[in-house]
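> Take this structure, written in structure tokens, and hold onto it; I'll ask about it next.
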Amino acid sequence: MDIIRYRTGDAAAALVGVRDEGQVFSLPGVPSLAALWALPLAEIRQRVRDRQAVPAADITLLPPVDGRTEVWAAGVTYVISREARVEESERSADVYRQVYDAERPELFFKSAAWRVAGDGQTIAARADSVVDVPEPEVALVINRFGEIAGYTACNDVSSRSIEGENPLYLPQAKVYLGGCALGPAIRPSWEIADPYDLGIELTIRREGAVAWHGQASTASLRRKFDDLVGYLMRADFYPDGVVLATGTCLVPPAPFSLADGDVVTVAVAGVGTLTTGVVRGLDRMLEAFGGVQGP
């Protein structure tokens with residue numbers, strides 16, 4: 001079963017519901033995902049149980065985040081992430097070694113809801129970057145009370161060349177239009193028996209052939225999800241919930257870089273498969289994103 005944000009036919013309005021064995025159900029009294037994450041976990045489960053079947057129709061899945069819900073991310077939570085940061089860093093390799101073992105995790109803002117791409121949509125590589133990579137991650141969907149309500153797949157797109165030049169350039173390497181994708185849906189947390197045994201795969205296709213593929217698992221995660229959530233919620237408040245990407249365990253080695261026309265697939269076992277195309281540069285991303293007016 002998945003919690004979905006979707007559109008039917010040519011309708012403009014986004015709807016929230018549940019998809020279970022191919023059937024779509026509505027959630028009465030839930031106008032948005034943000035409204036759902038404003039509820040306690042017990043009430044979220046009750047709303048899902050109270051679902052109502054809707055007439056069969058063609059649906060289009062939308063990015064599973066809306067309203068004031070923010071997307072945040074954790075870094076250096078797997079050994080491979082630590083080593084990748086050390087490899088790319090020109091002057092500050094020790095910073096990444098230290099944060100991997102530190103009590104306090106690295107947490108940073110990733111995206112506002114409106115900037116997030118969904119399954120079948122497009123991500124971007126920055127035009128002012130030399131090495132750009134997808135980062136497949138398990139993302140936690142957290143309600144306003146700090147409870148983990150669900151899981152979704154995340155592509156935390158990153159510029160390794162910008163980030164590696166100076167750690168203070170992290171926001172430019174991570175936060176830009178086309179830098180975040182989520183989806184295709186949200187798997188409720190109560191349906192995942194062991195979140196520390198989720199297989200993760202990254203596949204990058206170029207001109208129809210596999211250019212890079214890797215497999216890993218949340219079993220190698222350095223930190224616990226509750227620990228990451230606890231630090232995120234320590235001094236902040238998310239009235240419409242928050243999505244937290246939990247770090248990557250697969251990084252294509254340098255000098256591999258995303259190219260215009262690539263297709264990236266992030267698959268999280270039991271959670272979902274997120275596939276996006278790739279464009280290079282802001283102008284191409286504005287064309288692909290649709291509805292965003294550039295300068």
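The chains in the structure tokens are called A, B, ... from first to last as shown; in each chain the residues are counted from 1, and the ligands are counted from 1 in the order shown.
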Skipping near chain neighbours, those fewer than 6 positions away, what residues fall within 12 Å of stretch 230-235 of chain A using only C-alpha atoms, listed as a PyMOL selection string?
chain A and resi 70-74+103-109+140+142-148+223-224+241-246
> Write the residues of the preceding selection, restricted to N, CA and C atoms, as a short mmCIF file (atom, residue, chain, number, x, y, z; two decimals), in the first residue's frame.

data_model
loop_
_atom_site.label_atom_id
_atom_site.label_comp_id
_atom_site.auth_asym_id
_atom_site.auth_seq_id
_atom_site.Cartn_x
_atom_site.Cartn_y
_atom_site.Cartn_z
N GLU A 70 8.93 20.94 4.10
CA GLU A 70 10.28 21.13 3.59
C GLU A 70 10.97 19.79 3.39
N VAL A 71 12.02 19.80 2.58
CA VAL A 71 12.88 18.62 2.43
C VAL A 71 14.25 18.97 2.99
N TRP A 72 14.71 18.15 3.92
CA TRP A 72 16.05 18.28 4.48
C TRP A 72 16.85 17.02 4.16
N ALA A 73 18.13 17.06 4.43
CA ALA A 73 18.98 15.90 4.12
C ALA A 73 20.07 15.75 5.15
N ALA A 74 20.51 14.52 5.32
CA ALA A 74 21.64 14.20 6.19
C ALA A 74 22.82 13.78 5.31
N GLU A 103 29.08 12.91 17.31
CA GLU A 103 27.76 12.65 17.87
C GLU A 103 26.67 13.38 17.08
N ARG A 104 26.94 14.61 16.68
CA ARG A 104 25.97 15.42 15.95
C ARG A 104 26.10 15.13 14.45
N PRO A 105 25.00 14.79 13.78
CA PRO A 105 25.06 14.51 12.34
C PRO A 105 25.10 15.79 11.52
N GLU A 106 25.49 15.66 10.26
CA GLU A 106 25.37 16.76 9.31
C GLU A 106 23.94 16.78 8.78
N LEU A 107 23.26 17.92 8.95
CA LEU A 107 21.91 18.10 8.44
C LEU A 107 21.85 19.41 7.68
N PHE A 108 21.17 19.42 6.54
CA PHE A 108 21.09 20.65 5.77
C PHE A 108 19.77 20.71 5.01
N PHE A 109 19.31 21.94 4.75
CA PHE A 109 18.10 22.15 3.97
C PHE A 109 18.37 21.71 2.53
N LEU A 140 12.81 9.85 4.92
CA LEU A 140 11.81 9.69 5.95
C LEU A 140 10.75 10.77 5.80
N ILE A 142 8.13 12.66 7.95
CA ILE A 142 8.00 12.88 9.39
C ILE A 142 6.85 13.86 9.64
N ASN A 143 5.97 13.51 10.59
CA ASN A 143 4.87 14.43 10.89
C ASN A 143 5.33 15.55 11.83
N ARG A 144 4.43 16.45 12.15
CA ARG A 144 4.79 17.61 12.96
C ARG A 144 5.22 17.23 14.38
N PHE A 145 4.90 16.00 14.79
CA PHE A 145 5.23 15.55 16.14
C PHE A 145 6.54 14.76 16.18
N GLY A 146 7.24 14.70 15.05
CA GLY A 146 8.52 14.01 15.01
C GLY A 146 8.40 12.51 14.85
N GLU A 147 7.22 12.02 14.47
CA GLU A 147 7.02 10.59 14.25
C GLU A 147 7.25 10.25 12.78
N ILE A 148 7.92 9.13 12.52
CA ILE A 148 8.16 8.70 11.15
C ILE A 148 6.88 8.07 10.62
N ARG A 223 24.07 5.77 11.25
CA ARG A 223 23.21 6.32 12.29
C ARG A 223 21.81 5.72 12.22
N LYS A 224 21.07 5.84 13.30
CA LYS A 224 19.69 5.39 13.34
C LYS A 224 18.76 6.51 12.88
N GLY A 241 4.90 18.94 8.79
CA GLY A 241 5.81 17.82 8.63
C GLY A 241 7.05 18.19 7.83
N VAL A 242 7.92 17.21 7.66
CA VAL A 242 9.19 17.44 6.96
C VAL A 242 9.65 16.11 6.37
N VAL A 243 10.32 16.17 5.25
CA VAL A 243 10.93 14.99 4.64
C VAL A 243 12.42 15.07 4.87
N LEU A 244 13.03 13.98 5.34
CA LEU A 244 14.45 13.94 5.63
C LEU A 244 15.13 12.82 4.86
N ALA A 245 15.95 13.18 3.88
CA ALA A 245 16.77 12.20 3.17
C ALA A 245 17.92 11.79 4.09
N THR A 246 18.21 10.50 4.15
CA THR A 246 19.07 9.98 5.22
C THR A 246 20.51 9.68 4.79
#
> Write down as a count of residues only the residues belonging to stretch 65-194 of chain A that are assigned helix (DSSP H, G or I) by DSSP computed on the backbone.
39
> Residues near A:Thr203, anyone? I mean within 8 Å using only C-alpha atoms, not counting same-chain ones fewer than 5 positions away, as a short mmCIF file (atom, residue, chain, number, x, y, z; two decimals) with N, CA and C atoms, in the first residue's frame.

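The resulting selection.cif:
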data_model
loop_
_atom_site.label_atom_id
_atom_site.label_comp_id
_atom_site.auth_asym_id
_atom_site.auth_seq_id
_atom_site.Cartn_x
_atom_site.Cartn_y
_atom_site.Cartn_z
N VAL A 210 23.45 0.84 -19.92
CA VAL A 210 23.77 1.13 -18.53
C VAL A 210 25.15 1.73 -18.43
N ALA A 211 25.22 2.97 -17.97
CA ALA A 211 26.50 3.65 -17.82
C ALA A 211 27.10 3.43 -16.43
N TRP A 212 26.22 3.22 -15.44
CA TRP A 212 26.70 2.94 -14.09
C TRP A 212 25.59 2.27 -13.31
N HIS A 213 25.96 1.30 -12.48
CA HIS A 213 24.98 0.61 -11.64
C HIS A 213 25.65 0.23 -10.33
N GLY A 214 24.91 0.37 -9.23
CA GLY A 214 25.42 -0.03 -7.93
C GLY A 214 24.31 -0.49 -7.01
N VAL A 264 18.03 8.30 -14.81
CA VAL A 264 18.48 7.83 -13.50
C VAL A 264 17.34 7.12 -12.78
N THR A 265 17.64 5.92 -12.28
CA THR A 265 16.65 5.15 -11.53
C THR A 265 17.17 4.86 -10.13
N VAL A 266 16.40 5.27 -9.13
CA VAL A 266 16.69 4.97 -7.73
C VAL A 266 15.61 3.99 -7.26
#
> Taking only stretch 34-282 of chain A into account, list the residues labelled strand (DSSP E) by DSSP (computed from the backbone), as an mmCIF file with C-alpha atoms, in the first residue's frame.

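Listed below is the output, states-v7.cif:
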data_model
loop_
_atom_site.group_PDB
_atom_site.id
_atom_site.type_symbol
_atom_site.label_atom_id
_atom_site.label_comp_id
_atom_site.auth_asym_id
_atom_site.auth_seq_id
_atom_site.Cartn_x
_atom_site.Cartn_y
_atom_site.Cartn_z
ATOM 1 C CA GLN A 52 -12.995 5.366 0.308
ATOM 2 C CA ALA A 53 -12.826 3.733 -3.117
ATOM 3 C CA ILE A 59 -4.050 8.943 -12.743
ATOM 4 C CA THR A 60 -0.764 10.797 -12.854
ATOM 5 C CA LEU A 61 1.419 10.565 -9.782
ATOM 6 C CA GLU A 70 10.281 21.128 3.590
ATOM 7 C CA VAL A 71 12.878 18.624 2.431
ATOM 8 C CA TRP A 72 16.051 18.276 4.483
ATOM 9 C CA ALA A 73 18.976 15.897 4.117
ATOM 10 C CA ALA A 74 21.644 14.196 6.189
ATOM 11 C CA GLY A 75 25.200 13.769 4.966
ATOM 12 C CA GLU A 106 25.371 16.761 9.314
ATOM 13 C CA LEU A 107 21.906 18.101 8.441
ATOM 14 C CA PHE A 108 21.087 20.646 5.768
ATOM 15 C CA PHE A 109 18.104 22.150 3.970
ATOM 16 C CA LYS A 110 17.537 20.540 0.565
ATOM 17 C CA SER A 111 14.349 21.820 -1.053
ATOM 18 C CA ALA A 112 10.996 23.535 -0.766
ATOM 19 C CA THR A 122 13.384 15.769 -14.734
ATOM 20 C CA ILE A 123 16.419 16.564 -12.616
ATOM 21 C CA ALA A 124 19.293 18.840 -13.592
ATOM 22 C CA ALA A 125 23.061 19.058 -13.505
ATOM 23 C CA ASP A 132 27.528 16.012 -11.018
ATOM 24 C CA VAL A 133 26.054 12.815 -9.596
ATOM 25 C CA PRO A 136 20.104 7.530 -4.022
ATOM 26 C CA GLU A 137 18.673 7.739 -0.524
ATOM 27 C CA VAL A 138 15.870 6.540 1.701
ATOM 28 C CA ALA A 139 13.840 9.569 2.762
ATOM 29 C CA LEU A 140 11.806 9.686 5.955
ATOM 30 C CA VAL A 141 8.393 11.359 5.936
ATOM 31 C CA ILE A 142 7.998 12.881 9.393
ATOM 32 C CA ILE A 148 8.157 8.701 11.148
ATOM 33 C CA ALA A 149 4.996 8.256 9.094
ATOM 34 C CA GLY A 150 6.477 6.820 5.936
ATOM 35 C CA TYR A 151 9.373 6.254 3.567
ATOM 36 C CA THR A 152 10.022 7.320 0.000
ATOM 37 C CA ALA A 153 12.902 7.192 -2.471
ATOM 38 C CA CYS A 154 15.053 10.289 -2.897
ATOM 39 C CA ASN A 155 17.590 11.465 -5.442
ATOM 40 C CA ASP A 156 19.773 14.049 -3.706
ATOM 41 C CA SER A 158 24.862 16.913 -6.069
ATOM 42 C CA SER A 159 27.727 18.806 -7.683
ATOM 43 C CA CYS A 180 15.903 17.031 -5.678
ATOM 44 C CA ALA A 181 13.517 14.251 -6.673
ATOM 45 C CA LEU A 182 11.173 12.190 -4.477
ATOM 46 C CA GLY A 183 8.748 9.381 -5.144
ATOM 47 C CA PRO A 184 6.956 7.833 -6.693
ATOM 48 C CA ALA A 185 4.827 7.453 -3.535
ATOM 49 C CA ILE A 186 5.095 7.074 0.242
ATOM 50 C CA ARG A 187 5.173 3.663 1.877
ATOM 51 C CA PRO A 188 3.615 3.897 5.349
ATOM 52 C CA GLY A 199 18.130 -2.712 -0.534
ATOM 53 C CA ILE A 200 19.038 0.384 -2.567
ATOM 54 C CA GLU A 201 19.984 0.391 -6.250
ATOM 55 C CA LEU A 202 21.186 3.156 -8.530
ATOM 56 C CA THR A 203 21.139 2.760 -12.294
ATOM 57 C CA ILE A 204 22.222 5.418 -14.782
ATOM 58 C CA ARG A 205 21.406 4.812 -18.438
ATOM 59 C CA ARG A 206 23.042 6.705 -21.277
ATOM 60 C CA ALA A 209 22.889 1.419 -22.228
ATOM 61 C CA VAL A 210 23.765 1.129 -18.526
ATOM 62 C CA ALA A 211 26.501 3.650 -17.818
ATOM 63 C CA TRP A 212 26.704 2.938 -14.088
ATOM 64 C CA HIS A 213 24.980 0.611 -11.637
ATOM 65 C CA GLY A 214 25.425 -0.033 -7.933
ATOM 66 C CA GLN A 215 23.712 -1.828 -5.054
ATOM 67 C CA ALA A 216 23.807 -1.273 -1.306
ATOM 68 C CA SER A 217 21.604 -1.504 1.775
ATOM 69 C CA VAL A 242 9.190 17.436 6.964
ATOM 70 C CA VAL A 243 10.927 14.990 4.636
ATOM 71 C CA LEU A 244 14.455 13.944 5.632
ATOM 72 C CA ALA A 245 16.769 12.195 3.174
ATOM 73 C CA VAL A 263 18.022 8.451 -17.229
ATOM 74 C CA VAL A 264 18.485 7.832 -13.496
ATOM 75 C CA THR A 265 16.647 5.152 -11.526
ATOM 76 C CA VAL A 266 16.685 4.966 -7.728
ATOM 77 C CA ALA A 267 15.090 1.780 -6.392
ATOM 78 C CA VAL A 268 14.457 1.172 -2.689
ATOM 79 C CA GLY A 272 9.443 2.258 -4.603
ATOM 80 C CA THR A 273 11.331 3.024 -7.809
ATOM 81 C CA LEU A 274 11.991 6.620 -8.817
ATOM 82 C CA THR A 275 13.016 7.332 -12.414
ATOM 83 C CA THR A 276 13.950 10.760 -13.770
ATOM 84 C CA GLY A 277 15.515 12.194 -16.896
ATOM 85 C CA VAL A 278 18.510 14.533 -16.792
ATOM 86 C CA VAL A 279 19.059 17.933 -18.389
ATOM 87 C CA ARG A 280 22.011 20.269 -18.027
#
> Applying 6 Å and only C-alpha atoms, which residues near stretch 22-30 of chain A remain after dropping the ones on its own chain fewer than 3 positions away? List them as a PDB file with N, CA, C and O atoms, in the first residue's frame.

ATOM      1  N   GLY A  17      -4.433  10.373  -1.705  1.00  0.00           N
ATOM      2  CA  GLY A  17      -5.151   9.124  -1.502  1.00  0.00           C
ATOM      3  C   GLY A  17      -4.217   7.977  -1.194  1.00  0.00           C
ATOM      4  O   GLY A  17      -3.047   8.180  -0.829  1.00  0.00           O
ATOM      5  N   VAL A  18      -4.753   6.787  -1.364  1.00  0.00           N
ATOM      6  CA  VAL A  18      -4.009   5.550  -1.133  1.00  0.00           C
ATOM      7  C   VAL A  18      -4.148   4.673  -2.369  1.00  0.00           C
ATOM      8  O   VAL A  18      -5.225   4.588  -2.959  1.00  0.00           O
ATOM      9  N   ARG A  19      -3.061   4.049  -2.765  1.00  0.00           N
ATOM     10  CA  ARG A  19      -3.100   3.073  -3.850  1.00  0.00           C
ATOM     11  C   ARG A  19      -2.765   1.710  -3.265  1.00  0.00           C
ATOM     12  O   ARG A  19      -1.727   1.518  -2.655  1.00  0.00           O
ATOM     13  N   ARG A  51     -10.301   5.083   4.347  1.00  0.00           N
ATOM     14  CA  ARG A  51     -10.248   5.412   2.920  1.00  0.00           C
ATOM     15  C   ARG A  51     -11.546   5.001   2.216  1.00  0.00           C
ATOM     16  O   ARG A  51     -12.257   4.092   2.652  1.00  0.00           O
ATOM     17  N   GLN A  52     -11.796   5.659   1.092  1.00  0.00           N
ATOM     18  CA  GLN A  52     -12.995   5.366   0.308  1.00  0.00           C
ATOM     19  C   GLN A  52     -12.605   5.119  -1.140  1.00  0.00           C
ATOM     20  O   GLN A  52     -11.828   5.895  -1.721  1.00  0.00           O
ATOM     21  N   ALA A  53     -13.134   4.057  -1.721  1.00  0.00           N
ATOM     22  CA  ALA A  53     -12.826   3.733  -3.117  1.00  0.00           C
ATOM     23  C   ALA A  53     -13.344   4.833  -4.036  1.00  0.00           C
ATOM     24  O   ALA A  53     -14.399   5.431  -3.790  1.00  0.00           O
ATOM     25  N   VAL A  54     -12.589   5.113  -5.080  1.00  0.00           N
ATOM     26  CA  VAL A  54     -12.993   6.111  -6.066  1.00  0.00           C
ATOM     27  C   VAL A  54     -13.143   5.423  -7.415  1.00  0.00           C
ATOM     28  O   VAL A  54     -12.565   4.360  -7.660  1.00  0.00           O
TER      29      VAL A  54
END
